[in-house]
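Participant: Data: upload_15.pdb, PDB, C-alpha atoms.
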```
ATOM      1  CA  MET A  68      -4.399   2.829 -31.604
ATOM      2  CA  GLU A  69      -2.193  -0.216 -31.967
ATOM      3  CA  GLU A  70       0.663   1.513 -30.204
ATOM      4  CA  ASN A  71      -1.564   2.431 -27.301
ATOM      5  CA  LYS A  72      -1.699  -1.152 -26.167
ATOM      6  CA  THR A  73       2.028  -1.946 -26.322
ATOM      7  CA  LEU A  74       2.034  -3.052 -22.692
ATOM      8  CA  THR A  75      -0.222  -6.006 -23.444
ATOM      9  CA  LYS A  76       2.424  -7.543 -25.681
ATOM     10  CA  HIS A  77       4.965  -7.485 -22.854
ATOM     11  CA  SER A  78       2.563  -8.877 -20.276
ATOM     12  CA  PRO A  79       5.064 -10.561 -17.945
ATOM     13  CA  GLY A  80       4.442 -13.803 -16.116
ATOM     14  CA  TYR A  81       3.816 -14.027 -12.382
ATOM     15  CA  GLY A  82       7.291 -15.478 -11.761
ATOM     16  CA  ILE A  83       9.307 -12.318 -12.388
ATOM     17  CA  TYR A  84       7.160 -10.382  -9.883
ATOM     18  CA  ILE A  85       7.736 -12.990  -7.208
ATOM     19  CA  LEU A  86      11.506 -12.866  -7.895
ATOM     20  CA  VAL A  87      11.483  -9.061  -7.585
ATOM     21  CA  TRP A  88       9.534  -9.351  -4.337
ATOM     22  CA  LEU A  89      12.092 -11.835  -2.972
ATOM     23  CA  ALA A  90      14.888  -9.404  -3.877
ATOM     24  CA  LEU A  91      13.027  -6.561  -2.135
ATOM     25  CA  VAL A  92      12.513  -8.627   1.034
ATOM     26  CA  THR A  93      16.191  -9.657   1.009
ATOM     27  CA  LEU A  94      17.277  -6.017   0.663
ATOM     28  CA  THR A  95      14.971  -5.048   3.550
ATOM     29  CA  ALA A  96      16.553  -7.730   5.732
ATOM     30  CA  LEU A  97      19.981  -6.485   4.626
ATOM     31  CA  THR A  98      19.245  -2.841   5.440
ATOM     32  CA  ALA A  99      17.870  -3.815   8.881
ATOM     33  CA  ALA A 100      20.895  -6.047   9.589
ATOM     34  CA  VAL A 101      23.403  -3.471   8.354
ATOM     35  CA  ALA A 102      21.805  -0.792  10.568
ATOM     36  CA  GLY A 103      23.202  -2.666  13.575
ATOM     37  CA  ILE A 104      26.747  -2.286  12.255
ATOM     38  CA  SER A 105      28.252   1.152  12.624
ATOM     39  CA  PHE A 106      29.835   2.498   9.455
ATOM     40  CA  GLY A 107      29.995   5.924  11.052
ATOM     41  CA  LYS A 108      29.178   8.537   8.461
ATOM     42  CA  PHE A 109      28.653   5.835   5.830
ATOM     43  CA  SER A 110      25.679   4.205   7.611
ATOM     44  CA  ILE A 111      23.285   6.677   6.007
ATOM     45  CA  VAL A 112      24.966   6.223   2.616
ATOM     46  CA  VAL A 113      24.613   2.424   2.791
ATOM     47  CA  ALA A 114      20.945   2.735   3.871
ATOM     48  CA  LEU A 115      20.177   5.163   1.035
ATOM     49  CA  ILE A 116      21.943   3.045  -1.601
ATOM     50  CA  ILE A 117      19.868   0.012  -0.572
ATOM     51  CA  ALA A 118      16.689   2.162  -0.650
ATOM     52  CA  MET A 119      17.616   3.380  -4.157
ATOM     53  CA  VAL A 120      18.175  -0.182  -5.418
ATOM     54  CA  LYS A 121      14.771  -1.166  -3.989
ATOM     55  CA  SER A 122      13.125   1.858  -5.628
ATOM     56  CA  TYR A 123      14.751   1.005  -8.950
ATOM     57  CA  LEU A 124      13.294  -2.511  -8.784
ATOM     58  CA  VAL A 125       9.809  -1.195  -7.962
ATOM     59  CA  LEU A 126       9.977   1.488 -10.676
ATOM     60  CA  SER A 127      11.265  -0.702 -13.489
ATOM     61  CA  GLU A 128       9.472  -3.975 -12.721
ATOM     62  CA  PHE A 129       6.310  -3.339 -10.675
ATOM     63  CA  MET A 130       5.593   0.029 -12.314
ATOM     64  CA  HIS A 131       6.459  -1.345 -15.779
ATOM     65  CA  LEU A 132       8.802   1.535 -16.518
ATOM     66  CA  LYS A 133      11.070  -0.736 -18.557
ATOM     67  CA  PHE A 134       8.169  -1.523 -20.898
ATOM     68  CA  GLU A 135       6.970   2.066 -21.322
ATOM     69  CA  MET A 136       7.893   4.573 -24.018
ATOM     70  CA  LYS A 137      11.284   6.190 -23.531
ATOM     71  CA  ALA A 138       9.613   9.517 -22.644
ATOM     72  CA  PHE A 139       8.372   8.007 -19.358
ATOM     73  CA  ARG A 140      11.910   7.109 -18.295
ATOM     74  CA  VAL A 141      13.161  10.559 -19.322
ATOM     75  CA  PHE A 142      10.484  12.189 -17.105
ATOM     76  CA  VAL A 143      11.526  10.185 -14.086
ATOM     77  CA  VAL A 144      15.286  10.549 -14.601
ATOM     78  CA  VAL A 145      15.022  14.324 -15.127
ATOM     79  CA  ALA A 146      12.884  14.693 -11.975
ATOM     80  CA  ILE A 147      15.397  12.679  -9.928
ATOM     81  CA  LEU A 148      18.383  14.622 -11.327
ATOM     82  CA  PHE A 149      16.779  17.961 -10.444
ATOM     83  CA  PHE A 150      15.990  16.711  -6.954
ATOM     84  CA  LEU A 151      19.629  15.614  -6.490
ATOM     85  CA  LEU A 152      20.752  19.014  -7.786
ATOM     86  CA  LEU A 153      18.484  20.633  -5.191
ATOM     87  CA  ILE A 154      20.121  18.595  -2.409
ATOM     88  CA  VAL A 155      23.647  19.431  -3.629
ATOM     89  CA  LEU A 156      22.875  23.157  -3.884
ATOM     90  CA  LEU A 157      21.152  23.184  -0.500
ATOM     91  CA  PHE A 158      24.145  21.613   1.218
ATOM     92  CA  GLN A 159      26.471  24.168  -0.373
ATOM     93  CA  ASN A 160      24.915  26.480   2.210
ATOM     94  CA  TYR A 161      24.652  24.121   5.139
ATOM     95  CA  SER A 162      28.071  22.514   4.973
ATOM     96  CA  TYR A 163      29.650  25.793   6.148
ATOM     97  CA  TYR A 164      27.960  25.729   9.559
TER      98      TYR A 164
ATOM     99  CA  MET B  21     -26.064   0.854 -20.435
ATOM    100  CA  SER B  22     -22.674  -0.645 -19.775
ATOM    101  CA  THR B  23     -22.122  -1.707 -23.385
ATOM    102  CA  GLU B  24     -22.988   1.818 -24.489
ATOM    103  CA  ASN B  25     -20.436   3.270 -22.076
ATOM    104  CA  GLN B  26     -17.738   0.923 -23.266
ATOM    105  CA  ALA B  27     -18.382   1.804 -26.872
ATOM    106  CA  VAL B  28     -17.778   5.464 -25.990
ATOM    107  CA  ILE B  29     -14.626   4.589 -24.013
ATOM    108  CA  HIS B  30     -13.235   2.689 -26.976
ATOM    109  CA  VAL B  31     -13.605   5.686 -29.278
ATOM    110  CA  HIS B  32     -11.738   8.117 -27.030
ATOM    111  CA  ARG B  33      -9.308   5.641 -25.576
ATOM    112  CA  ASP B  34      -5.602   6.398 -25.102
ATOM    113  CA  ASP B  35      -4.007   4.105 -22.552
ATOM    114  CA  VAL B  36      -0.490   5.517 -22.941
ATOM    115  CA  GLY B  37      -1.856   9.036 -22.437
ATOM    116  CA  ALA B  38      -3.720   7.895 -19.318
ATOM    117  CA  ARG B  39      -0.575   6.350 -17.869
ATOM    118  CA  MET B  40       1.514   9.385 -18.807
ATOM    119  CA  GLY B  41      -0.933  11.630 -16.963
ATOM    120  CA  MET B  42      -0.617   9.379 -13.928
ATOM    121  CA  TRP B  43       3.198   9.495 -14.093
ATOM    122  CA  LEU B  44       3.167  13.307 -14.248
ATOM    123  CA  PHE B  45       0.914  13.344 -11.184
ATOM    124  CA  LEU B  46       3.274  10.934  -9.422
ATOM    125  CA  LEU B  47       6.193  13.277 -10.129
ATOM    126  CA  SER B  48       4.290  16.091  -8.389
ATOM    127  CA  GLU B  49       3.855  13.720  -5.440
ATOM    128  CA  PHE B  50       7.601  13.070  -5.580
ATOM    129  CA  LEU B  51       8.243  16.809  -5.207
ATOM    130  CA  LEU B  52       5.717  17.074  -2.360
ATOM    131  CA  PHE B  53       7.611  14.444  -0.383
ATOM    132  CA  GLY B  54      10.934  15.639  -1.819
ATOM    133  CA  GLY B  55      10.506  18.997  -0.075
ATOM    134  CA  LEU B  56       9.913  17.204   3.211
ATOM    135  CA  PHE B  57      12.962  14.992   2.647
ATOM    136  CA  LEU B  58      15.049  18.136   2.046
ATOM    137  CA  MET B  59      13.801  19.588   5.322
ATOM    138  CA  TYR B  60      14.611  16.300   7.049
ATOM    139  CA  SER B  61      18.145  16.245   5.620
ATOM    140  CA  VAL B  62      18.961  19.770   6.822
ATOM    141  CA  TYR B  63      17.545  19.262  10.333
ATOM    142  CA  ARG B  64      19.273  15.913  10.640
ATOM    143  CA  TYR B  65      22.546  17.465   9.505
ATOM    144  CA  ASN B  66      22.232  20.185  12.145
ATOM    145  CA  HIS B  67      21.001  17.897  14.959
ATOM    146  CA  GLN B  68      22.715  14.571  14.298
ATOM    147  CA  HIS B  69      22.993  13.474  17.915
ATOM    148  CA  ASP B  70      19.393  14.371  18.835
ATOM    149  CA  PHE B  71      18.081  12.498  15.770
ATOM    150  CA  HIS B  72      20.001   9.397  16.816
ATOM    151  CA  VAL B  73      18.689   9.547  20.376
ATOM    152  CA  ALA B  74      15.080  10.163  19.254
ATOM    153  CA  ALA B  75      15.192   7.379  16.637
ATOM    154  CA  GLU B  76      16.245   4.878  19.281
ATOM    155  CA  GLY B  77      12.765   5.222  20.769
ATOM    156  CA  MET B  78      11.197   3.981  17.527
ATOM    157  CA  ASN B  79       9.628   0.538  17.324
ATOM    158  CA  VAL B  80      11.921  -1.075  14.707
ATOM    159  CA  PHE B  81       9.891  -4.303  14.772
ATOM    160  CA  LEU B  82       6.658  -2.572  13.751
ATOM    161  CA  GLY B  83       8.568  -0.482  11.178
ATOM    162  CA  THR B  84      10.106  -3.596   9.610
ATOM    163  CA  ALA B  85       6.749  -5.404   9.692
ATOM    164  CA  ASN B  86       5.117  -2.470   7.895
ATOM    165  CA  THR B  87       7.907  -2.465   5.289
ATOM    166  CA  LEU B  88       7.273  -6.145   4.560
ATOM    167  CA  ILE B  89       3.493  -5.547   4.464
ATOM    168  CA  LEU B  90       3.815  -2.734   1.906
ATOM    169  CA  LEU B  91       6.349  -4.632  -0.253
ATOM    170  CA  THR B  92       4.068  -7.669  -0.313
ATOM    171  CA  SER B  93       1.032  -5.507  -1.110
ATOM    172  CA  SER B  94       2.991  -4.084  -4.054
ATOM    173  CA  LEU B  95       3.557  -7.659  -5.228
ATOM    174  CA  THR B  96      -0.145  -8.553  -4.967
ATOM    175  CA  MET B  97      -1.054  -5.344  -6.849
ATOM    176  CA  ALA B  98       1.411  -6.124  -9.673
ATOM    177  CA  LEU B  99       0.070  -9.701  -9.793
ATOM    178  CA  ALA B 100      -3.527  -8.404  -9.888
ATOM    179  CA  ILE B 101      -2.686  -6.439 -13.064
ATOM    180  CA  ALA B 102      -0.877  -9.425 -14.609
ATOM    181  CA  ALA B 103      -3.884 -11.635 -13.810
ATOM    182  CA  MET B 104      -6.224  -9.116 -15.446
ATOM    183  CA  GLN B 105      -3.970  -9.004 -18.538
ATOM    184  CA  LYS B 106      -4.268 -12.767 -18.758
ATOM    185  CA  GLY B 107      -8.057 -12.502 -18.398
ATOM    186  CA  ASN B 108      -8.242 -14.174 -14.977
ATOM    187  CA  LYS B 109     -10.879 -11.950 -13.369
ATOM    188  CA  ILE B 110     -11.400 -13.972 -10.177
ATOM    189  CA  LEU B 111      -7.650 -14.139  -9.420
ATOM    190  CA  SER B 112      -7.250 -10.420 -10.122
ATOM    191  CA  LEU B 113     -10.195  -9.602  -7.861
ATOM    192  CA  THR B 114      -8.794 -11.789  -5.070
ATOM    193  CA  LEU B 115      -5.377 -10.135  -5.348
ATOM    194  CA  GLN B 116      -6.927  -6.653  -5.286
ATOM    195  CA  ILE B 117      -8.831  -7.536  -2.109
ATOM    196  CA  ILE B 118      -5.619  -8.936  -0.552
ATOM    197  CA  THR B 119      -3.821  -5.678  -1.460
ATOM    198  CA  PHE B 120      -6.592  -3.707   0.252
ATOM    199  CA  LEU B 121      -6.327  -5.907   3.352
ATOM    200  CA  PHE B 122      -2.542  -5.343   3.479
ATOM    201  CA  GLY B 123      -3.341  -1.624   3.530
ATOM    202  CA  VAL B 124      -5.646  -2.227   6.514
ATOM    203  CA  ALA B 125      -2.877  -4.220   8.248
ATOM    204  CA  PHE B 126      -0.405  -1.372   7.661
ATOM    205  CA  LEU B 127      -2.767   1.157   9.249
ATOM    206  CA  VAL B 128      -3.523  -1.141  12.211
ATOM    207  CA  ASN B 129       0.233  -1.415  12.871
ATOM    208  CA  LYS B 130       0.526   2.358  12.543
ATOM    209  CA  PHE B 131      -2.298   2.788  15.069
ATOM    210  CA  PHE B 132      -0.508   0.642  17.665
ATOM    211  CA  GLU B 133       2.789   2.401  16.970
ATOM    212  CA  TRP B 134       1.346   5.890  17.363
ATOM    213  CA  ARG B 135      -0.744   4.882  20.383
ATOM    214  CA  ALA B 136       2.452   3.686  22.108
ATOM    215  CA  GLU B 137       4.182   6.983  21.241
ATOM    216  CA  PHE B 138       1.219   9.040  22.503
ATOM    217  CA  ARG B 139       1.049   7.027  25.739
ATOM    218  CA  ALA B 140       4.777   7.607  26.250
ATOM    219  CA  GLY B 141       3.938  11.318  26.033
ATOM    220  CA  ASN B 142       5.648  11.918  22.685
ATOM    221  CA  TYR B 143       2.678  13.561  20.982
ATOM    222  CA  PRO B 144       3.120  17.004  19.364
ATOM    223  CA  GLY B 145       3.096  19.801  21.901
ATOM    224  CA  SER B 146       3.142  17.472  24.936
ATOM    225  CA  PRO B 147       4.955  18.636  28.091
ATOM    226  CA  ILE B 148       7.319  15.622  27.893
ATOM    227  CA  LEU B 149       8.232  16.273  24.259
ATOM    228  CA  THR B 150       8.618  20.046  24.527
ATOM    229  CA  ALA B 151      11.025  19.547  27.454
ATOM    230  CA  LYS B 152      13.358  17.560  25.173
ATOM    231  CA  PRO B 153      16.259  19.095  23.178
ATOM    232  CA  SER B 154      15.131  20.994  20.073
ATOM    233  CA  GLY B 155      16.613  18.375  17.697
ATOM    234  CA  GLN B 156      14.411  15.665  19.200
ATOM    235  CA  ILE B 157      11.324  17.894  18.942
ATOM    236  CA  LEU B 158      12.187  18.443  15.269
ATOM    237  CA  TYR B 159      12.616  14.695  14.756
ATOM    238  CA  TYR B 160       9.175  13.967  16.175
ATOM    239  CA  GLY B 161       7.661  16.856  14.207
ATOM    240  CA  LEU B 162       9.090  15.440  10.970
ATOM    241  CA  TYR B 163       8.129  11.907  11.998
ATOM    242  CA  TYR B 164       4.469  12.815  12.519
ATOM    243  CA  THR B 165       4.328  15.004   9.396
ATOM    244  CA  MET B 166       6.036  12.645   6.944
ATOM    245  CA  VAL B 167       4.771   9.321   8.279
ATOM    246  CA  GLY B 168       1.336  10.922   8.745
ATOM    247  CA  LEU B 169       1.237  12.263   5.185
ATOM    248  CA  HIS B 170       2.336   8.858   3.973
ATOM    249  CA  GLY B 171      -0.471   7.305   6.033
ATOM    250  CA  VAL B 172      -2.960   9.623   4.310
ATOM    251  CA  HIS B 173      -1.592   8.352   0.984
ATOM    252  CA  VAL B 174      -2.154   4.765   2.126
ATOM    253  CA  ILE B 175      -5.794   5.640   2.926
ATOM    254  CA  VAL B 176      -6.213   7.331  -0.490
ATOM    255  CA  GLY B 177      -4.594   4.325  -2.198
ATOM    256  CA  MET B 178      -6.951   1.964  -0.390
ATOM    257  CA  THR B 179      -9.942   4.082  -1.448
ATOM    258  CA  ILE B 180      -8.765   3.901  -5.072
ATOM    259  CA  ILE B 181      -8.285   0.119  -4.807
ATOM    260  CA  ALA B 182     -11.794  -0.187  -3.331
ATOM    261  CA  PHE B 183     -13.144   1.556  -6.447
ATOM    262  CA  MET B 184     -11.043  -0.759  -8.654
ATOM    263  CA  ILE B 185     -12.561  -3.788  -6.901
ATOM    264  CA  ARG B 186     -16.024  -2.383  -7.671
ATOM    265  CA  PHE B 187     -15.054  -1.657 -11.306
ATOM    266  CA  THR B 188     -13.664  -5.176 -11.701
ATOM    267  CA  ILE B 189     -16.858  -6.741 -10.334
ATOM    268  CA  LYS B 190     -18.966  -4.605 -12.692
ATOM    269  CA  GLY B 191     -16.741  -5.469 -15.653
ATOM    270  CA  ILE B 192     -15.701  -1.844 -16.289
ATOM    271  CA  ILE B 193     -12.141  -3.098 -15.783
ATOM    272  CA  ASN B 194     -11.677  -6.149 -17.991
ATOM    273  CA  LYS B 195      -9.093  -8.054 -20.013
ATOM    274  CA  ASP B 196      -9.118  -5.464 -22.817
ATOM    275  CA  ASN B 197      -9.430  -2.296 -20.752
ATOM    276  CA  TYR B 198      -7.484  -2.270 -17.486
ATOM    277  CA  VAL B 199      -5.666   1.076 -17.578
ATOM    278  CA  LYS B 200      -7.600   2.222 -14.477
ATOM    279  CA  LEU B 201      -6.196  -0.738 -12.579
ATOM    280  CA  GLU B 202      -2.705   0.005 -13.880
ATOM    281  CA  ASN B 203      -2.914   3.624 -12.715
ATOM    282  CA  ALA B 204      -4.220   2.545  -9.305
ATOM    283  CA  GLY B 205      -1.226   0.197  -9.172
ATOM    284  CA  LEU B 206       1.178   3.016 -10.073
ATOM    285  CA  TYR B 207      -0.167   5.104  -7.185
ATOM    286  CA  TRP B 208       0.091   2.186  -4.777
ATOM    287  CA  HIS B 209       3.698   1.464  -5.826
ATOM    288  CA  LEU B 210       4.626   5.138  -5.307
ATOM    289  CA  VAL B 211       3.287   4.899  -1.746
ATOM    290  CA  ASP B 212       5.528   1.838  -1.357
ATOM    291  CA  ILE B 213       8.606   3.678  -2.688
ATOM    292  CA  ILE B 214       8.059   6.589  -0.271
ATOM    293  CA  TRP B 215       7.950   4.125   2.609
ATOM    294  CA  ILE B 216      11.150   2.466   1.322
ATOM    295  CA  PHE B 217      12.894   5.783   2.098
ATOM    296  CA  LEU B 218      10.959   6.705   5.260
ATOM    297  CA  PHE B 219      11.817   3.376   6.892
ATOM    298  CA  PRO B 220      15.641   3.692   7.063
ATOM    299  CA  LEU B 221      15.491   7.459   7.675
ATOM    300  CA  PHE B 222      13.212   7.268  10.727
ATOM    301  CA  TYR B 223      13.662   3.776  12.137
ATOM    302  CA  LEU B 224      17.233   2.734  11.370
ATOM    303  CA  ILE B 225      19.413   5.572  12.660
ATOM    304  CA  THR B 226      21.834   3.989  15.084
TER     305      THR B 226
END
```
Is it possible to express this structure as structure tokens?
Facilitator:
Amino acid sequence: MEENKTLTKHSPGYGIYILVWLALVTLTALTAAVAGISFGKFSIVVALIIAMVKSYLVLSEFMHLKFEMKAFRVFVVVAILFFLLLIVLLFQNYSYY
Amino acid sequence: MSTENQAVIHVHRDDVGARMGMWLFLLSEFLLFGGLFLMYSVYRYNHQHDFHVAAEGMNVFLGTANTLILLTSSLTMALAIAAMQKGNKILSLTLQIITFLFGVAFLVNKFFEWRAEFRAGNYPGSPILTAKPSGQILYYGLYYTMVGLHGVHVIVGMTIIAFMIRFTIKGIINKDNYVKLENAGLYWHLVDIIWIFLFPLFYLIT
């Protein structure tokens, strides 16, 4: 029973959430500004990297993943790895067209 | 009545288990949207030029505004949970209501955006749209499916938050038992993450 309430002990202050939000807004402004610049093929890569950084912030801070048991992080990482594998395998077919 | 219920909840309570169940559900949501993102990636790969042309018709201002609305609503949701953890019921309730109102604002923006698209004749199956190159038809098909499904998730999230507001008022969610609010927050943040990817993929192709 004690272990079930681990989150309470880590109850973060309001400040960290506001900092994370500021970072997310800054990254949104960055991705919108960068979209105007043409990196050619790399435009999509830059946009996706920024989206991944934003998702990481939401997952670890807002969704408390960094405070949860390790099993929670394993779930998420395994799901993401399999999804990436799916994309790689899919484009093994499509890159030949 | 309510004290009796809480006594029962305390006996069978497992907050970590409740959150784990929510995370497993969220992973199934990830695969639901993941399949659509796979479809998007293949069609975009095969119709790069058409996707670029079609995306130029998107309202980037409304898309950016909606991104900021959802990010801020995620903040207010996270703060609502923190406030509840600290035992500040009124602040938590206020933040939950603000989160709900951000959801309303998102949908209002979406309404204006889609109304403009429909008036321009870009609705599914319209004569104007079907006359366009197949890549652009695919873009709009994916746009309505993925953004629409995301919109449904916003409505579901708002419904859940409405229940959380009711539970908070009734004291079912309180300083010592707020896992329902946490799980509602997890769902709301997932909706935010999906939008974080939809936004650059549909609005920022240049």
Participant: For the provided coordinates, the residues matched by the ChimeraX specification (/A :<6) & /B should be stated as a list in words.
Facilitator: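 Taken over the shown coordinates, the ChimeraX specification (/A :<6) & /B returns Asp35, Val36, Ala98, Leu206, Ile213, Ile216, Phe217 and Leu224 of chain B.
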Participant: Report, as AutoDock Vina command-line options, the axis-aligned box around all atoms of segment 140-153 of chain A present in the file, extended by 8 Å on each side; give centre and edge lengths in Å to one decimal place.
Facilitator:
```
--center_x 15.6 --center_y 13.9 --center_z -12.3 --size_x 26.3 --size_y 29.5 --size_z 30.1
```
Participant: Expressed in Å to a single decimal, how great is the separation between atom CA of Tyr163 of chain B and atom CA of Phe109 of chain A?
Facilitator: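 Spanning atom CA of Tyr163 of chain B to atom CA of Phe109 of chain A is a straight-line distance of 22.3 Å.
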Participant: Pick out the residues sitting within 12 Å of Asn129 of chain B, and hand them over as a PDB file with C-alpha atoms, keeping the file's coordinate frame; count all atoms listed in the file, and ignore anything fewer than 6 positions along from it in its own chain.
Facilitator:
```
ATOM      1  CA  ASN B  79       9.628   0.538  17.324  1.00  0.00           C
ATOM      2  CA  VAL B  80      11.921  -1.075  14.707  1.00  0.00           C
ATOM      3  CA  PHE B  81       9.891  -4.303  14.772  1.00  0.00           C
ATOM      4  CA  LEU B  82       6.658  -2.572  13.751  1.00  0.00           C
ATOM      5  CA  GLY B  83       8.568  -0.482  11.178  1.00  0.00           C
ATOM      6  CA  THR B  84      10.106  -3.596   9.610  1.00  0.00           C
ATOM      7  CA  ALA B  85       6.749  -5.404   9.692  1.00  0.00           C
ATOM      8  CA  ASN B  86       5.117  -2.470   7.895  1.00  0.00           C
ATOM      9  CA  THR B  87       7.907  -2.465   5.289  1.00  0.00           C
ATOM     10  CA  LEU B  88       7.273  -6.145   4.560  1.00  0.00           C
ATOM     11  CA  ILE B  89       3.493  -5.547   4.464  1.00  0.00           C
ATOM     12  CA  LEU B  90       3.815  -2.734   1.906  1.00  0.00           C
ATOM     13  CA  PHE B 122      -2.542  -5.343   3.479  1.00  0.00           C
ATOM     14  CA  GLY B 123      -3.341  -1.624   3.530  1.00  0.00           C
ATOM     15  CA  ARG B 135      -0.744   4.882  20.383  1.00  0.00           C
ATOM     16  CA  ALA B 136       2.452   3.686  22.108  1.00  0.00           C
ATOM     17  CA  GLY B 171      -0.471   7.305   6.033  1.00  0.00           C
TER      18      GLY B 171
END
```
Participant: Please measure the separation of atom CA of Trp134 of chain B and atom CA of Tyr160 of chain B, giving the value in Å to one decimal.
Facilitator: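 Here the two named atoms are 11.3 Å from each other.
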Participant: Skipping near chain neighbours, those fewer than 5 positions away, what residues fall within 12 Å of segment 141-151 of chain B using only C-alpha atoms, listed as an MDAnalysis selection string?
Facilitator: chainID B and resid 74 77:78 133:136 156:165
Participant: Evaluate the PyMOL selection byres ((chain B and resi 70) around 12) against this structure - the residues, as a list of chain:residue names, please.
Facilitator: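 In the shown coordinates, the PyMOL selection byres ((chain B and resi 70) around 12) covers B:Tyr63, B:Arg64, B:Tyr65, B:Asn66, B:His67, B:Gln68, B:His69, B:Phe71, B:His72, B:Val73, B:Ala74, B:Ala75, B:Glu76, B:Gly77, B:Lys152, B:Pro153, B:Ser154, B:Gly155, B:Gln156, B:Ile157, B:Leu158, B:Tyr159, B:Tyr160, B:Ile225, B:Thr226.
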Participant: Starting from the displayed file, determine the output of the PyMOL selection byres ((chain B and resi 107-116) around 7) and express the residue list as a PyMOL selection string.
Facilitator: chain B and resi 96-97+100-101+103-106+117-120+181+185+188+195
Participant: Atom CA of Gly205 of chain B and atom CA of Met184 of chain B, how far apart in Å?
Facilitator: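 Pair atom CA of Met184 of chain B / atom CA of Gly205 of chain B returns 9.9 Å.
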